[in-house]
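See below for the structure under consideration.
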There are 2 protein chains.
Amino acid sequence: MTSFEDLLHQFETRFSRRHFPVTPATLYDPAEYILGIGGKRIRPVLCLMGNELFDDIRPDAFEVATALELFHNFTLIHDDIMDKAPLRRGQATVHAKYGENSALLAGDVMLTMAYEYLNKIDVSYLRRIVSLFNRTVFEVSEGQQLDMDYEQRTDVTLDEYLHMITLKTSVLLACALQTGALLGGASQGNADLLYQFGKHVGIAFQVQDDYLDAFGDPAKFGKQVGGDIIANKKTFLLLHTQQTASAAQTVELAHWMAYPEPAAKVAGVLGVMRACGADAWAAELKARHTDLAMQYLEDVAVLSNRKEPLRAVAAELLQRQR
Amino acid sequence: MTSFEDLLHQFETRFSRRHFPVTPATLYDPAEYILGIGGKRIRPVLCLMGNELFDDIRPDAFEVATALELFHNFTLIHDDIMDKAPLRRGQATVHAKYGENSALLAGDVMLTMAYEYLNKIDVSYLRRIVSLFNRTVFEVSEGQQLDMDYEQRTDVTLDEYLHMITLKTSVLLACALQTGALLGGASQGNADLLYQFGKHVGIAFQVQDDYLDAFGDPAKFGKQVGGDIIANKKTFLLLHTQQTASAAQTVELAHWMAYPEPAAKVAGVLGVMRACGADAWAAELKARHTDLAMQYLEDVAVLSNRKEPLRAVAAELLQRQR
């Protein structure tokens, strides 16, 4: 079995080349640009891992892995336009660098190129894998739309947020694993178990991300702690706090959320979150989805030692310093 | 053989239903909206015609036809965002009605739904037809990007404009015919001839469109004559005039193109165009591409009477009142 690092290296070796024609440069340079500014390549590696779980890695698993990474970058380009985000991976976003129109079209050709790579795989797998891929594109788009819708609402429930975040981020991890599994000859049952593993890893990761943004150690977290709180961003923590707060705590939370000075605002909101037990609750929620994920993985009917790289990647993703 | 009108009716009967899920309505209603405000459905009918040219119409030709119409509507949604167009088919554009972000995502799911319909066809045709479809998506995107690029330039040549307009509008007509032909069991040679037929019909149509906007009879043209001139839009006529004008005519053209009062501006520019022979030149250019198209059609190795509906649709498209 191959480790994450080795698969990442194998993938990068094939992926780090030009994917689009040279002209018109105004169309294709923006697409190449985002591929060149990095990324953790988690989705393509998960696809390769899902493939190797059932058999030696097939060459066309790299085609699917490439399609998944291109699709992921397509969502980044279009989401950044919608979110008016200036930076991505520490660099200018595509629309900030090339303008919104070119970014829009660059996203369109990125999605099309994903389908072009999918079209290279063994034809006997084509229909099933494209079908799963399409369903995932719809779901991720629904997640992005719901995320924008929820920004306009003050009555979003935890269940709604969980649904949105599952669509927006988790189903693509699940899809990556399942496409690899299907291409590896997995039964639908085993492929479905692996899908659930990926989905719950994704949810646990998002809970952890929300948790670390509020309660993480600034020295270890790697980005500003409290950013979500300063932006009044809906997170697992905020929604839980809002739903469990007493009348007095609700007033206090509203006071701090409207407070102009950032440091005091973060401290004030964190105080209410702690008083509502949001930190312990989030840790428990993350543990629940992690356990679920690992149980689904254990239920996949292949030899236990074949699962070692997937266990390792889940542990790596879900044991960041807090 | 079935007429355009009958095929249009057959297509509309199947197409005029909901294509997207009901929720989230904020994502899918904008997609359904544009499909509901009409359209001539030329591309899907051409696909069915390309199919019937070689054999009885196959049920899965309707899947490809649907994919082509969805792709066309995807380009309309995204192009309208880029062009900041307020109206489409006399109604509010998707972004004008629902906002740019929802329109962007609605376009994305429209393109994905096109691939979902393609994924339903006989698997033995899947790879070739998706490959042609992908190439066409890239080309149409290139055409849109070049169109935007050319707006910023004053030195666009006729050849560049012809290339751009071929990509932006003609290759999709050609693709529609060729996908139908391939699905009908046509040889690659015959399918290629039909592709060329569609491409040159498209070019002739665009030349005619430019011509009618300048020299058409307002009572018969159905939209404001001179709209391209008022907007200083690059057209076949303007580019020819700029490239053939004498020094004095160049000065006169620039004078009228900068003239503030619309009616005098149109009359002034038309005067220079006529003096440069742009009207006769455009009529000849249209005739040349029409003749080329008809020759390609005649060269397709099927019985002549099978080509009758395609001859009729070309005649209909290219004999609008002038």
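Ligands are numbered from 1 in the order shown, residues from 1 within each chain, and chains are lettered A, B, ... in the order they appear in the structure tokens.
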Please produce, as a tab-separated table, a per-residue contact table for segment 47-98 of chain A versus segment 301-319 of chain A (criterion: any atom at most 10 Å away, only C-alpha atoms considered), showing the nearest atom pair and its distance in Å to one decimal, sorted by chain then residue number.
```
residue	atom	partner	partner_atom	distance
A:Met49	CA	A:Leu310	CA	7.0
A:Gly50	CA	A:Leu310	CA	8.4
A:Glu52	CA	A:Arg306	CA	8.1
A:Leu53	CA	A:Arg306	CA	5.7
A:Phe54	CA	A:Val302	CA	7.2
A:Asp55	CA	A:Arg306	CA	9.5
```
Considering only C-alpha atoms, give me a table of residues in chain B that are at most 8 Å from chain A, with the closest atom pair and distance in Å for each, as a Markdown table.
```
| residue | atom | partner | partner_atom | distance |
| --- | --- | --- | --- | --- |
| B:Pro24 | CA | A:Glu142 | CA | 6.8 |
| B:Thr26 | CA | A:Gln145 | CA | 7.1 |
| B:Leu27 | CA | A:Gln145 | CA | 6.1 |
| B:His78 | CA | A:Leu104 | CA | 7.8 |
| B:Met82 | CA | A:Asn101 | CA | 5.5 |
| B:Asn101 | CA | A:Met82 | CA | 5.5 |
| B:Ser102 | CA | A:Gln145 | CA | 7.3 |
| B:Leu104 | CA | A:His78 | CA | 7.8 |
| B:Leu105 | CA | A:Ser141 | CA | 6.7 |
| B:Asp108 | CA | A:Asp108 | CA | 7.6 |
| B:Val109 | CA | A:Phe138 | CA | 6.3 |
| B:Thr112 | CA | A:Asn134 | CA | 6.4 |
| B:Met113 | CA | A:Asn134 | CA | 7.8 |
| B:Tyr115 | CA | A:Asn134 | CA | 7.6 |
| B:Glu116 | CA | A:Asn134 | CA | 6.5 |
| B:Asn119 | CA | A:Arg127 | CA | 6.1 |
| B:Lys120 | CA | A:Arg127 | CA | 7.9 |
| B:Val123 | CA | A:Arg127 | CA | 7.4 |
| B:Arg127 | CA | A:Asn119 | CA | 6.1 |
| B:Val130 | CA | A:Asn119 | CA | 7.2 |
| B:Ser131 | CA | A:Glu116 | CA | 6.9 |
| B:Asn134 | CA | A:Thr112 | CA | 6.4 |
| B:Val137 | CA | A:Thr112 | CA | 7.2 |
| B:Phe138 | CA | A:Val109 | CA | 6.3 |
| B:Ser141 | CA | A:Leu105 | CA | 6.7 |
| B:Glu142 | CA | A:Leu27 | CA | 6.7 |
| B:Gln145 | CA | A:Leu27 | CA | 6.1 |
| B:Leu146 | CA | A:Pro24 | CA | 7.4 |
| B:Asp149 | CA | A:Thr26 | CA | 7.8 |
```
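Residues in contact with Leu35 of chain B at 9 Å, where only C-alpha atoms are counted and same-chain residues fewer than 6 positions away are skipped, are listed as B:Ser16, B:Glu69, B:Leu70, B:Asn73.
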What does the file look like for those residues with N, CA, C and O atoms, as a short mmCIF file (atom, residue, chain, number, x, y, z; two decimals), in the first residue's frame?
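See result-v8.cif below for the written result:
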```cif
data_model
loop_
_atom_site.label_atom_id
_atom_site.label_comp_id
_atom_site.auth_asym_id
_atom_site.auth_seq_id
_atom_site.Cartn_x
_atom_site.Cartn_y
_atom_site.Cartn_z
N SER B 16 -40.16 20.57 -23.01
CA SER B 16 -40.88 21.56 -22.19
C SER B 16 -41.44 20.93 -20.92
O SER B 16 -42.63 20.76 -20.76
N GLU B 69 -29.20 21.98 -26.32
CA GLU B 69 -30.02 23.15 -25.98
C GLU B 69 -29.65 23.67 -24.58
O GLU B 69 -29.61 24.88 -24.36
N LEU B 70 -29.36 22.76 -23.66
CA LEU B 70 -28.94 23.19 -22.32
C LEU B 70 -27.59 23.90 -22.39
O LEU B 70 -27.39 24.94 -21.75
N ASN B 73 -28.09 27.37 -23.66
CA ASN B 73 -28.64 28.25 -22.63
C ASN B 73 -27.60 28.58 -21.56
O ASN B 73 -27.62 29.69 -21.00
#
```
Task: Selection near segment 210-219 of chain A, 7 Å with only C-alpha atoms, sequence-local residues under 2 positions removed, as a PyMOL selection string - done: chain A and resi 206-208+221-222+224-228+235-237+282+322
TODO: Among the residues of segment 103-195 of chain A, find those DSSP assigns to alpha helix (DSSP H) from the backbone and print them as a ChimeraX atom specification.
DONE: /A:103-118,123-151,158-165,171-183,188-195
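Using only C-alpha atoms, the smallest distance between any of A:Met273, A:Val64, A:Ile34, A:Leu46 and Ser3 of chain A comes from A:Leu46.
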